[in-house]
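J.: If you scroll down you'll find the structure; I have some questions about it.
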Amino acid sequence: MALLETKGVSIQFGGLWAVKDVDFLIDAKEIVGLIGPNGSGKTTFLNIISGVYRATHGAVTLQGEDISALRAYSIFKKGIARTYQSSRLCWDLSVADNILTGLYSKQMNGFWDVILRPRRVDSEIYDSLQECMDILSYFNPGLFKRRYELAKNIPHIDRRRIEICRALVGQPAVLLLDEPTAGLNGEETMQMMKDIHKIREINKDICIIIIEHDMKVMESVPERIVVFNAGQKIAEGIYNEIVRDKDVISAYLGGAAI
Amino acid sequence: MTGRNGRGLREKPMTIIFNIVIFGLAFLMLRLPYRYSLALVAIVVVALLRMERKGAVDALFSLYIRNRRVAAFSALICILAIPVLLSTFRYQSHIAVMALIYAMVCLGLNFQMGSTNMVNFAPAAFMGIGAYSMAVMTVKIGVSPWLGMLTAILTSAFAGLLIGLPTLRTKGYYLSLVTMALQLAFVQLIKNMPSIGGPNGISGVKAFSIGGFSLYKAYTFFGVKLTPHFFYLIFCAFALIILVYVAQRIYISRYGLALNNIAQDEIAANCLGVDVPRCKLFAFVIGGVYCGVGGALYASLTSFVGPNDFTFARSLVFICMVILGGMDNPIGVTVGAFLLTVITEKLRNFSDYAQLIYAVLLVVILIVRPSGLIPKRVRDYCAVFGRELLSPSRPDAGPADKD
């Protein structure tokens with residue numbers, strides 16, 4: 001049984017089928033890349049999986065359980081976390097607070113715990129914070145010192161890291177990365193590729209779906225690539241097959257890419 | 001560690017002195033004639049702006065957190081000293097009580113406006129619901145004011161829930177419009193309900209009493225006739241302390257964090273496991289509770305409630321207080337409520353120009369510092385819990401840094 005599976009997932013916006021009949025499987029410990037031209041439905045597909053949109057028809061199942069009707073926060077609790085194409089951090093919150101938000105649903109303290117705050121609640125918050133800092137330092141040790149700085153004062157690549165940490169602290173089963181290298185220069189892209197490998201060191205069973213336009217990243221990071229065009233899946237396979245696929249070349253890569 | 005202890009010895013008297021200065025300023029603002037009082041307000045505002053820029057306010061907060069026992073104890077004495085110093089000044093005591101009550105309502109509004117960025121234009125209506133519940137329970141039904149207050153809290157919280165439900169589907173300006181409509185409808189509703197006094201309101205709301213000892217009554221001690229506000233002022237001050245404390249705890253908890261995340265980006269918050277509708281309702285309900293407490297205390301203070309006390313204009317004043325004081329900072333909101341109440345009351349002498357001066361002041365504050373006098377703070381959990389974070393020292397995490 002696949003970890004995450006979509007069957008005939010489609011979504012309609014007005015007259016447009018942004019995603020149409022996509023069947024997709026991913027297993028634990030797998031990294032899958034999604035490529036395709038702009039507007040081909042990659043991000044929309046992630047939005048359906050993470051519960052931002054509800055599929056018009058089709059089903060998304062996580063470990064055999066249908067999650068397509070759940071709201072985004074329940075889907076996160078089931079173990080699907082994500083990042084965004086352009087960082088969606090809370091700019092006026094500190095780095096620590098941004099990551100701590102990822103543990104919101106894991107913390108057990110209720111309203112009266114918060115008001116009366118017995119010692120165990122303090123410890124819980126403290127331990128959560130320590131956990132966040134451990135993960136953050138793993139990606140960039142320098143950020144530990146900057147933990148009380150506002151997210152808006154943090155450089156772009158570190159914002160991306162914070163976003164990944166925020167998604168990772170809850171120990172999700174599936175991580176959806178939406179263009180993690182968007183807006184990064186060549187060297188930073190290399191660092192980000194290393195960071196994506198670090199994700200697996202932190203969480204060995206995690207499976208990652210990654211949207212990316214940079215074919216260098218696609219060559220080295222994912223084990224399998226799925227190609228989207230006009231809302232449909234047009235090809236699937238390992239990198240070497242994909243770059244030779246005629247449909248993929250005409251739809252996305254163009255003749256000169258190889 | 002020795003350095004820290006050495007510093008601690010000098011810090012304790014410093015904390016006490018700062019408390020005396022802060023509460024002394026508050027007392028002088030209340031007590032002095034309007035010219036000096038307003039000049040003092042202006043000086044305090046400018047000083048706060050400068051201190052905030054230099055980080056002195058942060059330093060003061062951390063000094064208080066480090067010496068929290070001394071700070072709390074000396075603040076308590078100062079708070080008790082103010083009613084004693086004002087014990088024969090009826091009007092000034094009245095202003096002080098009003099400032100405390102307004103601060104409560106502003107704290108309630110702050111959960112929606114400051115934390116969650118849902119500008120609620122109906123805090124006066126929530127307060128009115130609380131005040132009217134209190135009046136109906138004590139005058140029409142004739143139960144004890146304590147039960148009246150409990151009812152006020154419950155009805156305001158329930159009103160928060162009811163208003164919260166339709167606003168879940170709206171955002172931003174549209175949400176504000178819904179609350180404006182509620183505010184206007186509330187006043188019309190009250191005016192057109194003869195059973196609760198209609199435009200004439202309800203008079204004769206009972207005062208709180210503890211075991212036959214009335215909290216709002218002119219007592220005579222050693223030949224000195226105290227104002228009736230003497231005990232009520234202390235009572236309201238303690239109520240406000242509890243409310244600020246609760247607000248501060250919510251701010252530093254995961255709920256405060258969730259509300260801030262919703263303010264910034266609802267979709268991102270939702271995808272991080274934050275139950276957005278529930279958190280928004282929480283903000284409305286807890287805000288309703290605060291407004292309910294404020295309303296009940298207000299009704300008991302004035303012993304009269306009428307529709308004109310809870311108008312849209314009053315709501316705008318509450319919003320101004322939150323903006324002036326500092327969004328999403330309970331201490332800032334309290335300071336804002338106090339300053340604006342004092343300003344409004346002291347400008348009574350020129351009621352012709354009061355609105356103008358008031359407006360100019362706000363415009364200036366908004367230009368100089370849109371985030372308010374004491375804006376929201378970065379949550380420093382370790383200072384609050386008195387524990388240091390361990391610098392993560394994984395073998396491959398690079399050089400471990402200490403700070």
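By order of appearance in the structure tokens: chains A, B, ..., then residues from 1 within every chain, and ligands from 1 in the order shown.
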What are the DSSP helix (DSSP H, G or I) residues of stretch 84-298 of chain B, as a PyMOL selection string?
T.: chain B and resi 84-85+90-115+123-141+145-167+172-191+194-196+198-200+229-252+254-264+266-270+276-298
J.: Using only C-alpha atoms, which chain B residues lie at most 10 Å away from chain A, written as a ChimeraX atom specification?
T.: /B:245-255,257-258,260-265,267-276,376-382,384-403
J.: Would you list the contacts of A:Gly231 as number ranges by chain, taking every protein, DNA or RNA residue within 7 Å and counting only C-alpha atoms, but skipping same-chain residues closer than 3 positions in sequence?
T.: A: 17-20, 40-41, 228
J.: Please indicate the distance in Å from atom CA of B:Ile202 to atom CA of B:Met149, rounded to one decimal place.
T.: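 These atoms are spaced 15.9 Å apart.
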J.: Looking only at the backbone, which of the residues in stretch 16-162 of chain A does DSSP tag as strand (DSSP E), as a VMD selection string?
T.: chain A and resid 16 to 26 31 to 35 57 to 62 65 to 66 80 to 82
J.: Now that the selection is made, can you save its residues with N, CA and C atoms as a CSV table (one decimal), in the first residue's frame?
T.:
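Result file selection.csv:
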```csv
chain,number,residue,atom,x,y,z
A,16,LEU,N,-12.3,25.9,-16.3
A,16,LEU,CA,-10.9,25.4,-16.5
A,16,LEU,C,-10.7,24.2,-15.6
A,17,TRP,N,-10.2,23.1,-16.2
A,17,TRP,CA,-9.8,22.0,-15.3
A,17,TRP,C,-8.3,22.2,-15.0
A,18,ALA,N,-8.0,22.8,-13.8
A,18,ALA,CA,-6.6,23.1,-13.4
A,18,ALA,C,-5.8,21.8,-13.2
A,19,VAL,N,-6.5,20.8,-12.7
A,19,VAL,CA,-5.9,19.5,-12.5
A,19,VAL,C,-7.0,18.5,-13.0
A,20,LYS,N,-6.6,17.5,-13.8
A,20,LYS,CA,-7.6,16.6,-14.3
A,20,LYS,C,-7.1,15.2,-14.3
A,21,ASP,N,-7.9,14.3,-13.6
A,21,ASP,CA,-7.6,12.9,-13.5
A,21,ASP,C,-6.2,12.5,-13.3
A,22,VAL,N,-5.7,13.0,-12.2
A,22,VAL,CA,-4.3,12.6,-11.9
A,22,VAL,C,-4.2,11.4,-10.9
A,23,ASP,N,-3.6,10.4,-11.4
A,23,ASP,CA,-3.3,9.2,-10.5
A,23,ASP,C,-1.9,9.3,-10.1
A,24,PHE,N,-1.6,9.2,-8.8
A,24,PHE,CA,-0.3,9.4,-8.4
A,24,PHE,C,-0.1,8.6,-7.1
A,25,LEU,N,1.1,8.0,-7.0
A,25,LEU,CA,1.5,7.2,-5.8
A,25,LEU,C,2.8,7.6,-5.3
A,26,ILE,N,2.9,7.6,-4.0
A,26,ILE,CA,4.3,7.8,-3.4
A,26,ILE,C,4.4,6.9,-2.2
A,31,ILE,N,11.5,10.2,-2.8
A,31,ILE,CA,11.4,11.6,-3.2
A,31,ILE,C,11.0,11.7,-4.7
A,32,VAL,N,9.9,12.4,-4.9
A,32,VAL,CA,9.3,12.5,-6.2
A,32,VAL,C,9.4,14.0,-6.6
A,33,GLY,N,9.8,14.3,-7.9
A,33,GLY,CA,9.8,15.6,-8.4
A,33,GLY,C,8.6,15.9,-9.3
A,34,LEU,N,8.1,17.1,-9.2
A,34,LEU,CA,7.0,17.4,-10.2
A,34,LEU,C,7.6,18.5,-11.0
A,35,ILE,N,7.5,18.3,-12.4
A,35,ILE,CA,7.9,19.4,-13.3
A,35,ILE,C,6.7,19.7,-14.2
A,57,HIS,N,-13.5,16.2,-8.1
A,57,HIS,CA,-13.7,14.7,-7.8
A,57,HIS,C,-12.4,14.0,-7.7
A,58,GLY,N,-12.5,12.8,-7.3
A,58,GLY,CA,-11.2,12.0,-7.1
A,58,GLY,C,-11.0,11.9,-5.6
A,59,ALA,N,-10.0,11.1,-5.3
A,59,ALA,CA,-9.8,10.8,-3.8
A,59,ALA,C,-8.3,10.9,-3.5
A,60,VAL,N,-8.0,11.5,-2.4
A,60,VAL,CA,-6.6,11.5,-1.9
A,60,VAL,C,-6.6,10.6,-0.7
A,61,THR,N,-5.7,9.6,-0.6
A,61,THR,CA,-5.6,8.7,0.5
A,61,THR,C,-4.2,8.7,1.1
A,62,LEU,N,-4.2,8.8,2.4
A,62,LEU,CA,-2.9,8.7,3.2
A,62,LEU,C,-3.0,7.5,4.0
A,65,GLU,N,-6.2,5.9,4.2
A,65,GLU,CA,-7.4,6.6,4.7
A,65,GLU,C,-7.7,7.8,3.8
A,66,ASP,N,-9.0,7.9,3.5
A,66,ASP,CA,-9.4,9.0,2.6
A,66,ASP,C,-9.3,10.4,3.3
A,80,ILE,N,0.8,15.6,6.8
A,80,ILE,CA,1.2,16.2,5.5
A,80,ILE,C,1.6,17.7,5.8
A,81,ALA,N,2.8,18.0,5.6
A,81,ALA,CA,3.3,19.4,5.8
A,81,ALA,C,3.8,19.9,4.5
A,82,ARG,N,3.8,21.3,4.4
A,82,ARG,CA,4.2,21.8,3.2
A,82,ARG,C,5.0,23.2,3.3
```
J.: Distance atom CA of B:Gly160-atom CA of B:Pro123, one decimal place?
T.: 10.0 Å
J.: One decimal, in Å: what's the spacing between atom CA of B:Ile286 and atom CA of B:Leu233?
T.: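 Interatomic distance, atom CA of B:Ile286 to atom CA of B:Leu233: 23.6 Å.
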J.: Extract, using only C-alpha atoms, all DNA, RNA and protein residues at most 9 Å from B:Ile65, discarding same-chain residues fewer than 4 positions from it, and format them as a list of chain:residue names.
T.: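 In the requested format, the answer is B:Leu60, B:Phe61, B:Arg69, B:Ala71, B:Ala383, B:Val384, B:Gly386.
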J.: Restricting it to N, CA and C atoms, dump the selection as a PDB file, in the first residue's frame.
T.:
```pdb
ATOM      1  N   LEU B  60      13.461  47.802  30.744  1.00  0.00           N
ATOM      2  CA  LEU B  60      12.592  47.903  31.919  1.00  0.00           C
ATOM      3  C   LEU B  60      11.788  46.615  32.105  1.00  0.00           C
ATOM      4  N   PHE B  61      11.232  46.110  30.998  1.00  0.00           N
ATOM      5  CA  PHE B  61      10.458  44.867  31.081  1.00  0.00           C
ATOM      6  C   PHE B  61      11.327  43.732  31.600  1.00  0.00           C
ATOM      7  N   ARG B  69       9.226  39.216  41.829  1.00  0.00           N
ATOM      8  CA  ARG B  69       8.609  39.279  43.170  1.00  0.00           C
ATOM      9  C   ARG B  69       8.606  40.709  43.685  1.00  0.00           C
ATOM     10  N   ALA B  71       9.008  43.414  41.978  1.00  0.00           N
ATOM     11  CA  ALA B  71       8.204  44.273  41.107  1.00  0.00           C
ATOM     12  C   ALA B  71       6.734  44.135  41.457  1.00  0.00           C
ATOM     13  N   ALA B 383      13.094  33.958  29.135  1.00  0.00           N
ATOM     14  CA  ALA B 383      13.074  34.962  30.203  1.00  0.00           C
ATOM     15  C   ALA B 383      11.861  34.750  31.091  1.00  0.00           C
ATOM     16  N   VAL B 384      10.732  34.407  30.448  1.00  0.00           N
ATOM     17  CA  VAL B 384       9.504  34.239  31.222  1.00  0.00           C
ATOM     18  C   VAL B 384       9.593  33.008  32.119  1.00  0.00           C
ATOM     19  N   GLY B 386      12.372  31.556  33.043  1.00  0.00           N
ATOM     20  CA  GLY B 386      13.595  31.534  33.839  1.00  0.00           C
ATOM     21  C   GLY B 386      14.493  30.362  33.509  1.00  0.00           C
TER      22      GLY B 386
END
```
J.: Can you pull out every residue within 8 Å of B:Ser303, counting only C-alpha atoms, but drop anything in the same chain fewer than 6 positions away, and send it as number ranges by chain?
T.: B: 203-207
J.: Just to be explicit: take each residue in the selection above, keep C-alpha atoms, and write the result as a compact mmCIF listing (two decimals), in the first residue's frame.
T.:
```txt
# COMPACT_ATOMS: atom_id res chain seq x y z
CA SER B 203 -31.22 53.13 36.67
CA GLY B 204 -30.56 51.82 40.14
CA VAL B 205 -27.99 49.16 39.33
CA LYS B 206 -26.74 47.71 42.61
CA ALA B 207 -23.21 48.17 43.86
```
J.: Give me the residues near stretch 217-225 of chain A as a ChimeraX atom specification, where near means some atom within 10 Å (using only C-alpha atoms) and where sequence neighbours in that chain fewer than 3 positions away do not count.
T.: /A:26,30-35,181,189-190,192-194,196-197,208-214,228,235-243
J.: With C-alpha atoms kept, could you save the residues just selected as an mmCIF file, in the first residue's frame?
T.:
```
data_model
loop_
_atom_site.group_PDB
_atom_site.id
_atom_site.type_symbol
_atom_site.label_atom_id
_atom_site.label_comp_id
_atom_site.auth_asym_id
_atom_site.auth_seq_id
_atom_site.Cartn_x
_atom_site.Cartn_y
_atom_site.Cartn_z
ATOM 1 C CA ILE A 26 4.281 7.803 -3.401
ATOM 2 C CA GLU A 30 10.703 8.267 -1.639
ATOM 3 C CA ILE A 31 11.431 11.637 -3.219
ATOM 4 C CA VAL A 32 9.333 12.538 -6.228
ATOM 5 C CA GLY A 33 9.805 15.628 -8.379
ATOM 6 C CA LEU A 34 7.003 17.440 -10.161
ATOM 7 C CA ILE A 35 7.869 19.416 -13.260
ATOM 8 C CA THR A 181 15.011 27.063 -4.784
ATOM 9 C CA THR A 189 20.602 26.390 -4.889
ATOM 10 C CA MET A 190 23.457 23.982 -4.177
ATOM 11 C CA MET A 192 19.354 24.078 -0.657
ATOM 12 C CA MET A 193 19.946 20.734 -2.393
ATOM 13 C CA LYS A 194 22.159 19.714 0.513
ATOM 14 C CA ILE A 196 16.889 18.663 1.151
ATOM 15 C CA HIS A 197 19.185 15.699 1.733
ATOM 16 C CA ILE A 208 9.021 14.312 -0.209
ATOM 17 C CA ILE A 209 7.197 15.735 -3.178
ATOM 18 C CA ILE A 210 9.165 18.568 -4.699
ATOM 19 C CA ILE A 211 8.168 21.042 -7.388
ATOM 20 C CA GLU A 212 11.141 22.516 -9.160
ATOM 21 C CA HIS A 213 12.087 24.215 -12.397
ATOM 22 C CA ASP A 214 15.823 23.818 -11.984
ATOM 23 C CA PHE A 228 2.461 17.832 -15.648
ATOM 24 C CA ALA A 235 4.877 11.272 -18.100
ATOM 25 C CA GLU A 236 6.448 9.570 -15.132
ATOM 26 C CA GLY A 237 9.797 7.930 -14.663
ATOM 27 C CA ILE A 238 13.439 8.346 -13.736
ATOM 28 C CA TYR A 239 15.325 11.447 -14.863
ATOM 29 C CA ASN A 240 17.069 9.825 -17.805
ATOM 30 C CA GLU A 241 13.819 8.543 -19.243
ATOM 31 C CA ILE A 242 11.989 11.800 -18.725
ATOM 32 C CA VAL A 243 14.518 13.975 -20.531
#
```
J.: With only C-alpha atoms as the atoms that count, which of B:Glu345, B:Asp58, B:Glu52, B:Asp352 lies nearest to B:Ser371?
T.: B:Glu52
J.: Would you mind telling me which residue in A:Gln63, A:Thr43, A:Ser86, A:Ser68 lies nearest to A:His156 when using only C-alpha atoms?
T.: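 Of the candidates, the smallest distance to A:His156 is held by A:Ser86.
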J.: Show which residues sit within 8 Å of B:Ser74, as a list of chain:residue names. Count only C-alpha atoms, and ignore same-chain residues fewer than 4 positions away.
T.: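 So the residues in contact are B:Ile16, B:Asn19, B:Ile20, B:Val70, B:Cys78.
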J.: Under the rule that only C-alpha atoms are counted, which of B:Ile374, B:Leu297, B:Leu340, B:Ile22 is the nearest residue to B:Trp146?
T.: B:Leu297
